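**Student:** Next comes the structure file run08.pdb, holding PDB, C-alpha atoms.
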```pdb
ATOM      1  CA  MET K   1     -47.161 159.112 -29.936
ATOM      2  CA  ILE K   2     -49.799 161.659 -28.887
ATOM      3  CA  TRP K   3     -50.389 160.159 -25.417
ATOM      4  CA  SER K   4     -46.669 159.778 -24.773
ATOM      5  CA  PHE K   5     -46.149 163.379 -25.828
ATOM      6  CA  LEU K   6     -48.912 164.594 -23.519
ATOM      7  CA  ALA K   7     -47.439 162.599 -20.643
ATOM      8  CA  VAL K   8     -43.997 164.152 -21.243
ATOM      9  CA  LEU K   9     -45.531 167.618 -21.519
ATOM     10  CA  PHE K  10     -47.560 167.277 -18.305
ATOM     11  CA  SER K  11     -44.700 165.761 -16.292
ATOM     12  CA  GLY K  12     -42.230 168.347 -17.573
ATOM     13  CA  TRP K  13     -44.624 171.183 -16.763
ATOM     14  CA  LEU K  14     -45.029 169.889 -13.200
ATOM     15  CA  TYR K  15     -41.267 169.903 -12.743
ATOM     16  CA  VAL K  16     -40.845 173.386 -14.263
ATOM     17  CA  ASP K  17     -43.620 174.666 -12.011
ATOM     18  CA  ALA K  18     -41.948 173.045  -8.996
ATOM     19  CA  SER K  19     -38.641 174.656  -9.946
ATOM     20  CA  TYR K  20     -40.333 178.041  -9.786
ATOM     21  CA  ARG K  21     -42.636 177.754  -6.788
ATOM     22  CA  GLY K  22     -43.415 174.131  -5.970
ATOM     23  CA  PRO K  23     -42.353 171.805  -3.150
ATOM     24  CA  GLN K  24     -39.010 170.002  -3.185
ATOM     25  CA  TRP K  25     -40.597 166.525  -3.417
ATOM     26  CA  GLN K  26     -42.281 167.506  -6.673
ATOM     27  CA  ARG K  27     -38.904 168.302  -8.197
ATOM     28  CA  TRP K  28     -37.447 165.001  -6.972
ATOM     29  CA  VAL K  29     -40.310 163.021  -8.499
ATOM     30  CA  PHE K  30     -40.997 164.656 -11.835
ATOM     31  CA  LYS K  31     -37.478 165.236 -13.137
ATOM     32  CA  PRO K  32     -36.635 161.510 -13.402
ATOM     33  CA  VAL K  33     -40.216 160.709 -14.409
ATOM     34  CA  THR K  34     -40.040 163.178 -17.316
ATOM     35  CA  LEU K  35     -36.746 161.730 -18.524
ATOM     36  CA  LEU K  36     -38.119 158.199 -18.267
ATOM     37  CA  LEU K  37     -41.129 159.252 -20.332
ATOM     38  CA  LEU K  38     -38.774 160.795 -22.911
ATOM     39  CA  LEU K  39     -36.851 157.523 -23.005
ATOM     40  CA  ILE K  40     -40.097 155.623 -23.609
ATOM     41  CA  LEU K  41     -41.095 158.119 -26.299
ATOM     42  CA  ALA K  42     -37.747 157.616 -28.045
ATOM     43  CA  TRP K  43     -38.116 153.835 -27.824
ATOM     44  CA  GLN K  44     -41.512 154.051 -29.534
ATOM     45  CA  ALA K  45     -40.074 155.703 -32.668
ATOM     46  CA  PRO K  46     -41.323 153.871 -35.786
ATOM     47  CA  VAL K  47     -37.834 153.116 -37.111
ATOM     48  CA  LEU K  48     -34.667 153.065 -35.034
ATOM     49  CA  ASN K  49     -31.397 152.800 -36.917
ATOM     50  CA  THR K  50     -28.312 151.449 -35.178
ATOM     51  CA  THR K  51     -26.945 154.933 -34.521
ATOM     52  CA  ASP K  52     -30.316 156.145 -33.209
ATOM     53  CA  TYR K  53     -29.828 153.976 -30.142
ATOM     54  CA  LEU K  54     -27.068 156.395 -29.156
ATOM     55  CA  ILE K  55     -29.819 158.912 -28.385
ATOM     56  CA  LEU K  56     -31.511 156.398 -26.078
ATOM     57  CA  PHE K  57     -28.215 155.733 -24.294
ATOM     58  CA  GLY K  58     -27.662 159.490 -24.116
ATOM     59  CA  LEU K  59     -31.008 159.932 -22.361
ATOM     60  CA  LEU K  60     -30.092 157.137 -19.963
ATOM     61  CA  ALA K  61     -26.779 158.860 -19.155
ATOM     62  CA  THR K  62     -28.688 162.103 -18.565
ATOM     63  CA  LEU K  63     -31.037 160.299 -16.184
ATOM     64  CA  ILE K  64     -28.047 158.979 -14.222
ATOM     65  CA  GLY K  65     -26.489 162.445 -14.104
ATOM     66  CA  ASP K  66     -29.704 163.966 -12.794
ATOM     67  CA  ALA K  67     -29.982 161.264 -10.139
ATOM     68  CA  LEU K  68     -26.453 162.112  -8.965
ATOM     69  CA  THR K  69     -27.319 165.808  -8.619
ATOM     70  CA  LEU K  70     -30.305 164.905  -6.431
ATOM     71  CA  LEU K  71     -28.194 163.004  -3.894
ATOM     72  CA  PRO K  72     -27.673 164.782  -0.567
ATOM     73  CA  ASN K  73     -23.895 165.182  -1.137
ATOM     74  CA  ARG K  74     -24.412 166.222  -4.796
ATOM     75  CA  ARG K  75     -21.794 164.170  -6.647
ATOM     76  CA  MET K  76     -21.144 166.980  -9.089
ATOM     77  CA  LEU K  77     -17.981 165.540 -10.648
ATOM     78  CA  TYR K  78     -19.713 162.256 -11.483
ATOM     79  CA  ALA K  79     -22.837 164.086 -12.623
ATOM     80  CA  ILE K  80     -20.799 166.240 -15.001
ATOM     81  CA  GLY K  81     -19.185 163.057 -16.304
ATOM     82  CA  ALA K  82     -22.620 161.536 -16.979
ATOM     83  CA  PHE K  83     -23.801 164.687 -18.774
ATOM     84  CA  PHE K  84     -20.569 164.711 -20.785
ATOM     85  CA  LEU K  85     -21.234 161.110 -21.830
ATOM     86  CA  SER K  86     -24.806 162.007 -22.804
ATOM     87  CA  HIS K  87     -23.680 164.831 -25.082
ATOM     88  CA  LEU K  88     -20.890 162.668 -26.482
ATOM     89  CA  LEU K  89     -23.408 159.988 -27.459
ATOM     90  CA  TYR K  90     -25.671 162.599 -29.040
ATOM     91  CA  THR K  91     -22.696 164.017 -30.945
ATOM     92  CA  LEU K  92     -21.662 160.586 -32.262
ATOM     93  CA  CYS K  93     -25.225 160.007 -33.470
ATOM     94  CA  PHE K  94     -25.348 163.342 -35.293
ATOM     95  CA  ALA K  95     -21.869 162.882 -36.774
ATOM     96  CA  SER K  96     -22.854 159.533 -38.276
ATOM     97  CA  HIS K  97     -25.380 161.297 -40.542
ATOM     98  CA  MET K  98     -23.043 164.052 -41.734
ATOM     99  CA  THR K  99     -21.025 164.489 -44.877
ATOM    100  CA  LEU K 100     -17.645 166.179 -44.938
ATOM    101  CA  SER K 101     -18.477 169.876 -44.936
ATOM    102  CA  PHE K 102     -17.461 173.053 -43.162
ATOM    103  CA  PHE K 103     -19.113 176.451 -42.840
ATOM    104  CA  TRP K 104     -16.722 178.609 -40.829
ATOM    105  CA  PRO K 105     -19.204 181.122 -39.277
ATOM    106  CA  ILE K 106     -20.844 178.340 -37.241
ATOM    107  CA  PRO K 107     -17.744 177.211 -35.279
ATOM    108  CA  LEU K 108     -16.725 180.860 -34.894
ATOM    109  CA  VAL K 109     -20.011 181.774 -33.206
ATOM    110  CA  VAL K 110     -19.903 178.612 -31.078
ATOM    111  CA  LEU K 111     -16.307 179.382 -30.035
ATOM    112  CA  ILE K 112     -17.199 182.949 -29.025
ATOM    113  CA  ILE K 113     -20.097 181.671 -26.905
ATOM    114  CA  GLY K 114     -17.856 179.097 -25.235
ATOM    115  CA  VAL K 115     -15.054 181.539 -24.470
ATOM    116  CA  ALA K 116     -17.504 184.082 -23.028
ATOM    117  CA  LEU K 117     -19.170 181.457 -20.826
ATOM    118  CA  ILE K 118     -15.921 179.993 -19.494
ATOM    119  CA  ALA K 119     -14.460 183.452 -18.877
ATOM    120  CA  SER K 120     -17.508 184.453 -16.837
ATOM    121  CA  ILE K 121     -17.308 181.473 -14.458
ATOM    122  CA  TRP K 122     -13.607 180.513 -14.560
ATOM    123  CA  THR K 123     -12.626 181.978 -11.196
ATOM    124  CA  ARG K 124     -15.582 180.338  -9.411
ATOM    125  CA  LEU K 125     -15.109 176.761 -10.604
ATOM    126  CA  GLU K 126     -12.214 175.801  -8.291
ATOM    127  CA  GLU K 127     -11.588 172.002  -8.422
ATOM    128  CA  LEU K 128     -14.303 171.524 -11.071
ATOM    129  CA  ARG K 129     -12.581 173.903 -13.481
ATOM    130  CA  TRP K 130     -11.344 171.379 -16.024
ATOM    131  CA  PRO K 131     -14.276 168.927 -15.834
ATOM    132  CA  VAL K 132     -16.708 171.798 -16.429
ATOM    133  CA  CYS K 133     -14.644 173.218 -19.294
ATOM    134  CA  THR K 134     -14.455 169.766 -20.901
ATOM    135  CA  PHE K 135     -18.215 169.365 -20.596
ATOM    136  CA  ILE K 136     -18.810 172.811 -22.092
ATOM    137  CA  GLY K 137     -16.461 171.933 -24.954
ATOM    138  CA  MET K 138     -18.405 168.747 -25.705
ATOM    139  CA  THR K 139     -21.705 170.646 -25.624
ATOM    140  CA  LEU K 140     -20.341 173.241 -28.053
ATOM    141  CA  LEU K 141     -19.118 170.479 -30.378
ATOM    142  CA  MET K 142     -22.580 168.901 -30.280
ATOM    143  CA  VAL K 143     -24.230 172.218 -31.194
ATOM    144  CA  TRP K 144     -21.697 172.844 -33.953
ATOM    145  CA  LEU K 145     -22.333 169.483 -35.642
ATOM    146  CA  ALA K 146     -26.099 169.913 -35.330
ATOM    147  CA  ALA K 147     -25.961 173.384 -36.900
ATOM    148  CA  GLU K 148     -23.646 172.163 -39.680
ATOM    149  CA  GLN K 149     -26.050 169.315 -40.425
ATOM    150  CA  TYR K 150     -28.988 171.715 -40.723
ATOM    151  CA  PHE K 151     -27.000 174.158 -42.889
ATOM    152  CA  PHE K 152     -26.006 171.506 -45.429
ATOM    153  CA  ARG K 153     -29.073 169.215 -45.106
ATOM    154  CA  PRO K 154     -32.022 171.457 -44.172
ATOM    155  CA  GLY K 155     -35.167 169.622 -43.181
ATOM    156  CA  ASP K 156     -37.494 168.918 -40.276
ATOM    157  CA  GLU K 157     -35.185 166.311 -38.730
ATOM    158  CA  SER K 158     -32.020 168.424 -38.829
ATOM    159  CA  PHE K 159     -33.958 171.508 -37.681
ATOM    160  CA  SER K 160     -35.331 169.610 -34.685
ATOM    161  CA  ILE K 161     -31.816 168.462 -33.767
ATOM    162  CA  MET K 162     -30.369 171.962 -34.125
ATOM    163  CA  VAL K 163     -33.093 173.507 -31.936
ATOM    164  CA  GLY K 164     -32.752 170.721 -29.367
ATOM    165  CA  THR K 165     -28.991 171.049 -28.986
ATOM    166  CA  SER K 166     -29.236 174.858 -28.871
ATOM    167  CA  LEU K 167     -31.782 174.631 -26.047
ATOM    168  CA  LEU K 168     -29.503 172.268 -24.118
ATOM    169  CA  LEU K 169     -26.648 174.741 -24.549
ATOM    170  CA  LEU K 170     -28.885 177.580 -23.351
ATOM    171  CA  ALA K 171     -29.937 175.517 -20.318
ATOM    172  CA  ASN K 172     -26.285 174.922 -19.433
ATOM    173  CA  ILE K 173     -25.374 178.593 -19.901
ATOM    174  CA  VAL K 174     -28.166 179.762 -17.610
ATOM    175  CA  TRP K 175     -27.373 177.081 -15.029
ATOM    176  CA  PHE K 176     -23.635 177.791 -14.909
ATOM    177  CA  ILE K 177     -24.114 181.545 -14.693
ATOM    178  CA  SER K 178     -26.824 181.327 -12.017
ATOM    179  CA  HIS K 179     -24.909 178.700 -10.037
ATOM    180  CA  TYR K 180     -21.422 180.207 -10.180
ATOM    181  CA  ARG K 181     -22.040 183.931 -10.698
ATOM    182  CA  ARG K 182     -25.406 185.199  -9.558
ATOM    183  CA  ARG K 183     -28.841 183.729  -8.944
ATOM    184  CA  PHE K 184     -31.852 185.462 -10.482
ATOM    185  CA  THR K 185     -35.602 185.061 -10.442
ATOM    186  CA  SER K 186     -36.928 181.976 -12.255
ATOM    187  CA  ASP K 187     -33.438 180.727 -13.180
ATOM    188  CA  SER K 188     -34.287 177.126 -12.186
ATOM    189  CA  ALA K 189     -37.549 177.206 -14.144
ATOM    190  CA  ILE K 190     -35.789 178.577 -17.252
ATOM    191  CA  VAL K 191     -33.108 175.892 -17.025
ATOM    192  CA  ALA K 192     -35.706 173.142 -16.597
ATOM    193  CA  ALA K 193     -37.850 174.367 -19.507
ATOM    194  CA  CYS K 194     -34.883 174.594 -21.910
ATOM    195  CA  TYR K 195     -33.493 171.282 -20.632
ATOM    196  CA  PHE K 196     -36.632 169.234 -21.209
ATOM    197  CA  ALA K 197     -37.517 171.019 -24.461
ATOM    198  CA  GLY K 198     -34.006 170.364 -25.775
ATOM    199  CA  HIS K 199     -34.132 166.646 -25.075
ATOM    200  CA  PHE K 200     -37.663 166.464 -26.455
ATOM    201  CA  MET K 201     -36.647 168.073 -29.751
ATOM    202  CA  ILE K 202     -33.798 165.575 -30.120
ATOM    203  CA  VAL K 203     -36.184 162.682 -29.419
ATOM    204  CA  ARG K 204     -38.652 164.235 -31.872
ATOM    205  CA  SER K 205     -36.049 163.947 -34.637
ATOM    206  CA  LEU K 206     -36.323 160.147 -34.368
ATOM    207  CA  TYR K 207     -39.897 160.404 -35.644
ATOM    208  CA  LEU K 208     -38.794 162.482 -38.652
ATOM    209  CA  SER K 209     -35.942 160.303 -39.936
TER     210      SER K 209
END
```
What would you get if you wrote out this structure as structure tokens?

**Tutor:**
Amino acid sequence: MIWSFLAVLFSGWLYVDASYRGPQWQRWVFKPVTLLLLLILAWQAPVLNTTDYLILFGLLATLIGDALTLLPNRRMLYAIGAFFLSHLLYTLCFASHMTLSFFWPIPLVVLIIGVALIASIWTRLEELRWPVCTFIGMTLLMVWLAAEQYFFRPGDESFSIMVGTSLLLLANIVWFISHYRRRFTSDSAIVAACYFAGHFMIVRSLYLS
């Protein structure tokens, strides 16, 4: 695992650096390479249950979504659909390990975050309004289930999943705000760092199950 981890870390760092100050070709190369390395890292997990393969398929859907955003005409609708599918697959994997439980502060906090995010970008979304809102809703559901799992079954695996999903949510929040409201310094680098760290923490959970 150590060499695969180092490869993911180095490739991800090269992309984050390119997002901040590097050439465009470096971003084109190392984003898919980092996701492919994460996919390989997930595949090398010692034990993969049937539901764990949903994480591998989720990474594959993410890779497809990223490829669509890199196209010259930026197929955003299809990319959002691929990211939605990725988070749906993650959510189904997490839900398969849960027991029936409910801790109301968690969905309340998640709902407040979602409402605030949608309200801040609603008027700028135009024809992507409902696809984006649906994607945000799926991401919030994913974070909710991950947090519920950690609250009722605390441990290294559930903690890794909760941190990973929270980082993916943070990456989406920063991206939507910077893309639809106002750009700011290092926004792309922050999104990339949270994005790769989030997926890595979810893959890491496969080694803790």

**Student:** Could you check the closest approach to Met98 of chain K for each of K:Leu14, K:Leu71, K:Leu9, K:Ala146 and tell me which residue wins, using all atoms listed in the file?

**Tutor:**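 Of K:Leu14, K:Leu71, K:Leu9, K:Ala146, the one nearest Met98 of chain K is K:Ala146, counting all atoms listed in the file.
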
**Student:** State, in Å with one decimal place, the distance from atom CA of Tyr195 of chain K to atom CA of Ser101 of chain K.

**Tutor:**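 That distance, rounded to one decimal, is 28.6 Å.
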
**Student:** Which residues are close to Thr165 of chain K, i.e. within 7 Å by only C-alpha atoms, leaving aside same-chain residues fewer than 2 positions away? Reply as a ChimeraX atom specification.

**Tutor:** /K:142-143,161-163,167-169,198

**Student:** Check which residues satisfy the PyMOL selection byres ((chain K and resi 205) around 8) in the file shown, then give them as a VMD selection string.

**Tutor:** chain K and resid 156 to 158 160 to 161 201 to 204 206 to 209

**Student:** Given the choices K:Ala189, K:Leu54, K:Ile136, K:Leu111, which gets closest to Ile80 of chain K if the distance is worked out from all atoms listed in the file?

**Tutor:** K:Ile136

**Student:** Hey, could you pull the box centre and edge lengths for segment 102-113 of chain K, axis-aligned, 8 Å padding per side, all listed atoms, to one decimal in Å, as AutoDock Vina command-line options?

**Tutor:**
```
--center_x -18.6 --center_y 178.0 --center_z -35.0 --size_x 20.5 --size_y 25.9 --size_z 32.3
```

**Student:** Run through the PyMOL selection byres ((chain K and resi 115-132) around 7) on the given coordinates and return the selected residues as JSON, numbers by chain.

**Tutor:** {"K": [111, 112, 113, 114, 133, 134, 135, 136, 173, 177, 180, 181]}

**Student:** Run the PyMOL selection byres ((chain K and resi 43) around 10) mentally over the shown coordinates, then write out the matched residues as a PyMOL selection string, using the chain letters and numbers from the document.

**Tutor:** chain K and resi 37-42+44-48+52-53+55-56+203+206

**Student:** I'd like the interatomic distance between atom CA of Gln26 of chain K and atom CA of Thr69 of chain K, to a tenth of an Å.

**Tutor:**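 The value is 15.2 Å.
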
**Student:** What does the distance between atom CA of Ala82 of chain K and atom CA of Gly65 of chain K come to in Å, to one decimal place?

**Tutor:**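 So the answer is 4.9 Å.
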
**Student:** In terms of the shortest atom-to-atom distance over only C-alpha atoms, which of K:Trp28, K:Tyr78, K:Trp144, K:Phe83 is closest to Gly58 of chain K?

**Tutor:**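 Under the stated criterion, the closest residue is K:Phe83.
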
**Student:** Taking (-49.0, 161.7, -15.1) in the file's coordinates, which residues come within 10 Å, counting only C-alpha atoms, written as a PDB file with C-alpha atoms, in the frame of the given file?

**Tutor:**
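Generated file (selection24.pdb):
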```
ATOM      1  CA  LEU K   6     -48.912 164.594 -23.519  1.00  0.00           C
ATOM      2  CA  ALA K   7     -47.439 162.599 -20.643  1.00  0.00           C
ATOM      3  CA  VAL K   8     -43.997 164.152 -21.243  1.00  0.00           C
ATOM      4  CA  LEU K   9     -45.531 167.618 -21.519  1.00  0.00           C
ATOM      5  CA  PHE K  10     -47.560 167.277 -18.305  1.00  0.00           C
ATOM      6  CA  SER K  11     -44.700 165.761 -16.292  1.00  0.00           C
ATOM      7  CA  GLY K  12     -42.230 168.347 -17.573  1.00  0.00           C
ATOM      8  CA  LEU K  14     -45.029 169.889 -13.200  1.00  0.00           C
ATOM      9  CA  PHE K  30     -40.997 164.656 -11.835  1.00  0.00           C
ATOM     10  CA  VAL K  33     -40.216 160.709 -14.409  1.00  0.00           C
ATOM     11  CA  THR K  34     -40.040 163.178 -17.316  1.00  0.00           C
ATOM     12  CA  LEU K  37     -41.129 159.252 -20.332  1.00  0.00           C
TER      13      LEU K  37
END
```

**Student:** For Thr50 of chain K, which residue out of K:Cys93, K:Leu140, K:Leu170, K:Ala197 is the nearest one, using only C-alpha atoms?

**Tutor:**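 Smallest separation from Thr50 of chain K among the options: K:Cys93.
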
**Student:** Need to verify the contact set: Lys31 of chain K, 7 Å, all atoms listed in the file, exclusion of same-chain residues closer than 4 positions in sequence. Can you return it as a list in words?

**Tutor:**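 The filter keeps Tyr15, Arg27 and Leu35 of chain K.
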
**Student:** Counting only C-alpha atoms, which of K:Thr139, K:Trp25, K:Val191, K:Ala147 gets nearest to Phe159 of chain K?

**Tutor:**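 Under the stated criterion, the closest residue is K:Ala147.
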
**Student:** How would segment 130-142 of chain K read, as a compact mmCIF listing (two decimals), in the frame of the given file, once N, CA, C and O atoms are built in?

**Tutor:**
```txt
# COMPACT_ATOMS: atom_id res chain seq x y z
N TRP K 130 -11.59 172.11 -14.78
CA TRP K 130 -11.34 171.38 -16.02
C TRP K 130 -12.48 170.43 -16.40
O TRP K 130 -12.82 170.32 -17.59
N PRO K 131 -13.10 169.73 -15.45
CA PRO K 131 -14.28 168.93 -15.83
C PRO K 131 -15.39 169.76 -16.46
O PRO K 131 -15.99 169.35 -17.46
N VAL K 132 -15.66 170.94 -15.88
CA VAL K 132 -16.71 171.80 -16.43
C VAL K 132 -16.33 172.31 -17.81
O VAL K 132 -17.16 172.32 -18.74
N CYS K 133 -15.09 172.72 -17.99
CA CYS K 133 -14.64 173.22 -19.29
C CYS K 133 -14.71 172.12 -20.36
O CYS K 133 -15.08 172.37 -21.51
N THR K 134 -14.37 170.89 -19.96
CA THR K 134 -14.46 169.77 -20.90
C THR K 134 -15.90 169.50 -21.29
O THR K 134 -16.21 169.24 -22.46
N PHE K 135 -16.79 169.56 -20.32
CA PHE K 135 -18.22 169.36 -20.60
C PHE K 135 -18.75 170.46 -21.50
O PHE K 135 -19.50 170.18 -22.46
N ILE K 136 -18.38 171.70 -21.23
CA ILE K 136 -18.81 172.81 -22.09
C ILE K 136 -18.29 172.61 -23.51
O ILE K 136 -19.02 172.84 -24.49
N GLY K 137 -17.03 172.18 -23.63
CA GLY K 137 -16.46 171.93 -24.95
C GLY K 137 -17.23 170.87 -25.72
O GLY K 137 -17.49 171.02 -26.93
N MET K 138 -17.63 169.80 -25.04
CA MET K 138 -18.40 168.75 -25.70
C MET K 138 -19.77 169.26 -26.13
O MET K 138 -20.27 168.94 -27.22
N THR K 139 -20.40 170.07 -25.28
CA THR K 139 -21.70 170.65 -25.62
C THR K 139 -21.60 171.55 -26.85
O THR K 139 -22.46 171.52 -27.74
N LEU K 140 -20.54 172.35 -26.90
CA LEU K 140 -20.34 173.24 -28.05
C LEU K 140 -20.10 172.44 -29.33
O LEU K 140 -20.60 172.80 -30.40
N LEU K 141 -19.34 171.34 -29.21
CA LEU K 141 -19.12 170.48 -30.38
C LEU K 141 -20.43 169.88 -30.86
O LEU K 141 -20.69 169.80 -32.07
N MET K 142 -21.27 169.46 -29.93
CA MET K 142 -22.58 168.90 -30.28
C MET K 142 -23.43 169.92 -31.04
O MET K 142 -24.04 169.60 -32.07
```
